[in-house]
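Working notes, beginning with the structure itself.
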Amino acid sequence: MIYIAMATYNGEKFIKQQLDSILNQTYKDWYLYVSDDCSTDNTLTILKEYQSLYPEKIKVISNDIPSKSAENNFFNLILSLDKNCDYVALCDQDDVWLENKLELTFNKMCELENKYGKEKPILVHTDLKVVDENLNVLSNSFFEFQNISPERTLLRNLLIQNNITGCTTMINNSLLNLINSKPKECTMHDWWIGLIACCFGYIGYIKTPTMLYRQHSNNQVGAKDAKSVEFISHKLKNRAIVKENYRKMFVQANLFLDEFKNNLSDEQKEVLNAYLKIPKLNRFGKIRQIIKYKFYKNSFMRTFGQFFTI
């Protein structure tokens, strides 16, 4: 069975469409766990209505104390799941799943488990269609829109750039059982889980879009056209935000090393330590370290910008 983990907060405007799209999946062997983070609108009322209609398919948990972020809400939910869960699919509150999302993702998961074994931690994620608030298509490929290279799954790749979109992600039981604690700080929950899969298992992806990724004013992350002038201009104008993101990335890497140092290979430890050394170097030393260990982003412009931002 696939356990769907949905984190919600003040999502009354779109959540019915998301719930209906889950109910309409071609793959039927699923159970939805929803963790509501102290919503102040009608989100919880809507969720409980659906739970009463489909008690055999939906369970709603209302947090007593707000977790204060989407990643904390997701981590708390994942850590609360039974460790015997076969598979876990992550789910946002404001998107719309295409009817074959679970089927396609599960088929890819089974393909990889047949190849590598069920004992191997595996993560599968997919492309998405980017849509506006009214589901009008802005881009048929999130990978292309964000200039993401999902094939970049080496540790040196994932340390500097997350290529995994959490709301499309499915993990197997072996990977679930490696998520034993919530990091004190991380950039996002999907990035942390991706690092675990990268170091101890396998990351697979599907180039077919499996959902509509809705863009609206309340998006916590959202999608932006990485090739646009506006995207580059935004980066240049918001250097403080960019620097804060880099700070979080290094904190995340340091916490990851501390958490898993007894299980990492010598090569993985070397890569992590080399990455963590970068902020302590002067500008020339940073550039040299990035080049030496190939801490490249997936485009020349992003890598070039990294030389002078870290």
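To be explicit about the labels: the chains of the structure tokens are called A, B, and onward in the order shown, and within each one the residues are counted from 1, while ligands get numbers from 1 in the order they are shown.
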Find the residues near Asn263 (chain A): any atom within 12 Å, counting only C-alpha atoms, skip ones fewer than 4 places away on the same chain, and give them as a list in words. Leu178, Ile196, Cys199, Phe200, Phe256, Leu257, Asp258, Glu259, Glu267, Gln268 and Lys269 of chain A
Just to be explicit: take each residue in the selection above, keep C-alpha atoms, and write the result as a PDB file, in the first residue's frame.
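Generated output (out.pdb):
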ATOM      1  CA  LEU A 178      16.583   5.972   7.398  1.00  0.00           C
ATOM      2  CA  ILE A 196      19.848  10.344   2.210  1.00  0.00           C
ATOM      3  CA  CYS A 199      24.248   8.511  -0.230  1.00  0.00           C
ATOM      4  CA  PHE A 200      22.647   5.196   0.667  1.00  0.00           C
ATOM      5  CA  PHE A 256      23.841  15.688   7.528  1.00  0.00           C
ATOM      6  CA  LEU A 257      27.482  14.784   8.122  1.00  0.00           C
ATOM      7  CA  ASP A 258      26.935  14.690  11.883  1.00  0.00           C
ATOM      8  CA  GLU A 259      23.792  12.570  11.539  1.00  0.00           C
ATOM      9  CA  GLU A 267      34.667   9.254  -0.327  1.00  0.00           C
ATOM     10  CA  GLN A 268      31.333  10.729   0.789  1.00  0.00           C
ATOM     11  CA  LYS A 269      32.927  12.160   3.929  1.00  0.00           C
TER      12      LYS A 269
END
I'd like the contact shell of Tyr3 (chain A) - 8 Å cut-off, only C-alpha atoms, skipping same-chain residues fewer than 6 positions apart - returned as a list of chain:residue names. A:Trp30, A:Tyr31, A:Leu32, A:Tyr33, A:Cys85, A:Asp86, A:Tyr87, A:Val88, A:Ala89
May I have all residues of region 15-113 of chain A that DSSP, computed from the backbone, assigns to helix (DSSP H, G or I), given as JSON, numbers by chain? {"A": [15, 16, 17, 18, 19, 20, 21, 22, 23, 43, 44, 45, 46, 47, 48, 49, 50, 51, 52, 53, 70, 71, 72, 73, 74, 75, 76, 77, 78, 79, 80, 101, 102, 103, 104, 105, 106, 107, 108, 109, 110, 111, 112, 113]}
Pull the strand (DSSP E) assignments for region 41-256 of chain A out of DSSP run on the backbone, and list those residues as a CSV table (one decimal) with N, CA and C atoms, in the first residue's frame.
chain,number,residue,atom,x,y,z
A,58,ILE,N,-9.0,8.0,4.4
A,58,ILE,CA,-8.4,9.3,4.8
A,58,ILE,C,-8.4,9.4,6.3
A,59,LYS,N,-7.2,9.8,6.9
A,59,LYS,CA,-7.1,10.1,8.3
A,59,LYS,C,-6.5,11.5,8.5
A,60,VAL,N,-7.2,12.3,9.3
A,60,VAL,CA,-6.7,13.7,9.5
A,60,VAL,C,-6.2,13.9,10.9
A,61,ILE,N,-5.0,14.5,11.0
A,61,ILE,CA,-4.4,14.7,12.3
A,61,ILE,C,-4.3,16.3,12.4
A,62,SER,N,-4.8,16.8,13.5
A,62,SER,CA,-4.7,18.2,13.8
A,62,SER,C,-3.7,18.5,14.8
A,87,TYR,N,5.3,2.1,1.1
A,87,TYR,CA,5.7,3.2,0.3
A,87,TYR,C,5.0,4.5,0.8
A,88,VAL,N,5.7,5.6,0.7
A,88,VAL,CA,5.2,6.9,1.1
A,88,VAL,C,5.3,7.9,0.0
A,89,ALA,N,4.2,8.5,-0.4
A,89,ALA,CA,4.2,9.6,-1.4
A,89,ALA,C,3.9,10.9,-0.7
A,90,LEU,N,4.7,11.9,-1.0
A,90,LEU,CA,4.5,13.2,-0.4
A,90,LEU,C,3.5,14.1,-1.2
A,91,CYS,N,2.8,14.9,-0.6
A,91,CYS,CA,1.7,15.6,-1.2
A,91,CYS,C,1.5,17.0,-0.7
A,96,VAL,N,-2.9,19.7,-8.2
A,96,VAL,CA,-3.8,18.7,-8.7
A,96,VAL,C,-3.1,17.6,-9.3
A,97,TRP,N,-3.3,16.3,-8.8
A,97,TRP,CA,-2.6,15.2,-9.4
A,97,TRP,C,-3.3,14.7,-10.7
A,122,ILE,N,15.2,3.8,-2.0
A,122,ILE,CA,14.9,4.4,-3.3
A,122,ILE,C,13.9,5.5,-3.2
A,123,LEU,N,14.2,6.6,-4.0
A,123,LEU,CA,13.3,7.7,-4.1
A,123,LEU,C,13.0,7.9,-5.6
A,124,VAL,N,11.8,8.1,-5.9
A,124,VAL,CA,11.3,8.4,-7.3
A,124,VAL,C,10.6,9.7,-7.3
A,125,HIS,N,10.9,10.6,-8.2
A,125,HIS,CA,10.2,11.8,-8.4
A,125,HIS,C,9.9,12.0,-9.9
A,126,THR,N,9.1,13.0,-10.2
A,126,THR,CA,8.6,13.2,-11.6
A,126,THR,C,8.6,14.6,-12.0
A,127,ASP,N,8.5,14.8,-13.3
A,127,ASP,CA,8.2,16.2,-13.8
A,127,ASP,C,6.8,16.6,-13.5
A,128,LEU,N,6.5,17.9,-13.7
A,128,LEU,CA,5.2,18.5,-13.4
A,128,LEU,C,4.9,19.5,-14.5
A,129,LYS,N,3.6,19.8,-14.6
A,129,LYS,CA,3.2,20.9,-15.4
A,129,LYS,C,3.0,22.1,-14.5
A,130,VAL,N,3.5,23.2,-14.9
A,130,VAL,CA,3.4,24.4,-14.1
A,130,VAL,C,2.1,25.1,-14.6
A,131,VAL,N,1.2,25.5,-13.6
A,131,VAL,CA,0.0,26.1,-14.0
A,131,VAL,C,-0.2,27.3,-13.1
A,137,VAL,N,-2.1,26.3,-18.1
A,137,VAL,CA,-0.7,25.8,-18.2
A,137,VAL,C,0.3,26.9,-18.6
A,138,LEU,N,1.3,27.1,-17.7
A,138,LEU,CA,2.4,28.1,-17.9
A,138,LEU,C,3.6,27.4,-18.6
A,139,SER,N,3.8,26.1,-18.2
A,139,SER,CA,4.9,25.3,-18.8
A,139,SER,C,4.5,23.9,-18.7
A,170,MET,N,8.0,9.8,-4.2
A,170,MET,CA,7.6,8.6,-3.5
A,170,MET,C,8.9,7.9,-3.0
A,171,ILE,N,8.9,7.4,-1.8
A,171,ILE,CA,10.0,6.7,-1.2
A,171,ILE,C,9.5,5.3,-0.8
A,172,ASN,N,10.5,4.4,-0.7
A,172,ASN,CA,10.2,3.0,-0.3
A,172,ASN,C,10.4,2.9,1.2
A,202,TYR,N,19.3,5.0,-4.2
A,202,TYR,CA,19.2,5.3,-5.6
A,202,TYR,C,18.0,6.3,-5.8
A,203,ILE,N,18.2,7.3,-6.7
A,203,ILE,CA,17.2,8.3,-7.0
A,203,ILE,C,16.8,8.0,-8.5
A,204,GLY,N,15.5,7.8,-8.7
A,204,GLY,CA,15.0,7.6,-10.0
A,204,GLY,C,14.0,8.8,-10.3
A,205,TYR,N,13.8,9.0,-11.6
A,205,TYR,CA,12.9,10.1,-12.0
A,205,TYR,C,12.1,9.7,-13.3
A,206,ILE,N,11.0,10.4,-13.4
A,206,ILE,CA,10.1,10.2,-14.6
A,206,ILE,C,10.0,11.5,-15.3
A,207,LYS,N,10.3,11.5,-16.6
A,207,LYS,CA,10.2,12.8,-17.3
A,207,LYS,C,8.8,13.2,-17.7
A,208,THR,N,7.9,12.2,-17.5
A,208,THR,CA,6.5,12.5,-17.8
A,208,THR,C,5.9,13.3,-16.6
A,209,PRO,N,5.2,14.5,-16.9
A,209,PRO,CA,4.5,15.2,-15.8
A,209,PRO,C,3.4,14.4,-15.2
A,210,THR,N,3.3,14.4,-13.9
A,210,THR,CA,2.3,13.6,-13.2
A,210,THR,C,1.3,14.5,-12.4
A,211,MET,N,1.5,15.8,-12.5
A,211,MET,CA,0.6,16.6,-11.7
A,211,MET,C,0.7,18.1,-12.2
A,212,LEU,N,-0.3,18.9,-11.8
A,212,LEU,CA,-0.4,20.3,-12.1
A,212,LEU,C,0.1,21.0,-10.9
A,213,TYR,N,1.2,21.7,-11.0
A,213,TYR,CA,1.9,22.5,-9.9
A,213,TYR,C,1.4,23.9,-9.9
A,214,ARG,N,0.5,24.2,-9.0
A,214,ARG,CA,-0.2,25.4,-9.0
A,214,ARG,C,0.6,26.6,-8.5
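Comparing A:Thr168, A:Asn173, A:Asn134, A:Thr26 by their smallest distance to Gly117 (chain A), the closest is A:Asn173 (using only C-alpha atoms).
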Given only C-alpha atoms as the counted atoms, nearest of A:Ile290, A:Val251, A:Leu98, A:Leu276 to Leu19 (chain A):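 Nearest to Leu19 (chain A): A:Leu98.
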Find the residues around Arg156 (chain A) up to 8 Å (only C-alpha atoms counted), leave out those fewer than 5 positions away in its own chain, and share them as a PyMOL selection string. chain A and resi 271+293-296
Residues near Asn76 (chain A), anyone? I mean within 10 Å using only C-alpha atoms, not counting same-chain ones fewer than 2 positions away, as a ChimeraX atom specification. /A:7,35,63,67,70-74,78-81,181-182
For the residues selected in the previous step, produce a file with C-alpha atoms as a tab-separated table (two decimals), in the first residue's frame.
chain	number	residue	atom	x	y	z
A	7	ALA	CA	0.85	18.66	5.06
A	35	SER	CA	-1.33	16.70	9.11
A	63	ASN	CA	-1.54	19.57	15.38
A	67	SER	CA	5.23	23.46	13.57
A	70	ALA	CA	6.01	23.22	5.78
A	71	GLU	CA	9.23	21.21	6.21
A	72	ASN	CA	8.62	20.79	9.95
A	73	ASN	CA	5.04	19.71	9.33
A	74	PHE	CA	6.20	17.16	6.75
A	78	ILE	CA	6.78	11.30	8.18
A	79	LEU	CA	8.27	10.48	11.60
A	80	SER	CA	4.80	9.61	12.90
A	81	LEU	CA	4.18	7.02	10.19
A	181	SER	CA	14.97	12.38	13.18
A	182	LYS	CA	14.13	15.91	12.13
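For Ile291 (chain A), the non-local neighbours within 12 Å, defined as residues at least 3 positions apart in the same chain or in other chains and counting only C-alpha atoms, are Arg156, Ala274, Tyr275, Ile278, Phe284, Gly285, Lys286, Ile287, Arg288, Lys294, Phe295, Tyr296, Lys297, Thr303, Phe304, Gln306 and Phe307 of chain A.
Atom pair CA of Gln18 (chain A) / CA of Asp41 (chain A) has a distance of 16.8 Å (rounded to one decimal).
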Which distance in Å separates CA of Phe143 (chain A) and CA of Leu155 (chain A), to one decimal? 19.4 Å
Would you kindly return, as a compact mmCIF listing (two decimals) with C-alpha atoms, in the first residue's frame, each protein, DNA or RNA residue with an atom no farther than 7 Å from any atom of region 14-17 of chain A, considering only C-alpha atoms and excluding same-chain residues fewer than 2 positions away?
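Output (out06.txt):
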# COMPACT_ATOMS: atom_id res chain seq x y z
CA GLY A 11 -5.42 25.71 2.20
CA GLU A 12 -9.20 26.04 1.97
CA LEU A 19 -8.39 15.72 -2.52
CA ASP A 20 -10.66 14.96 -5.47
CA SER A 21 -7.64 14.34 -7.71
CA GLN A 93 -2.35 20.87 -0.48
CA ASP A 94 -2.77 23.14 -3.48
CA VAL A 96 -3.83 18.71 -8.73
Which residue of A:Lys115, A:Arg152, A:Lys101, A:Lys280 approaches Gly194 (chain A) most closely, using only C-alpha atoms: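 Comparing A:Lys115, A:Arg152, A:Lys101, A:Lys280 against Gly194 (chain A), the winner is A:Arg152.
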A:Asn273, A:Thr187, A:Thr8, A:Ser265: which is nearest Glu244 (chain A), counting only C-alpha atoms?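 Between A:Asn273, A:Thr187, A:Thr8, A:Ser265, the residue approaching Glu244 (chain A) most closely is A:Thr187.
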Quick one: residues within 10 Å of Ile193 (chain A), only C-alpha atoms counted, chain neighbours fewer than 2 positions away excluded, as a list in words? Phe75, Leu123, Ile164, Gly166, Thr169, Ile171, Leu175, Leu176, Leu178, Ile179, Met188, His189, Asp190, Trp191, Leu195, Ile196, Ala197 and Cys198 of chain A
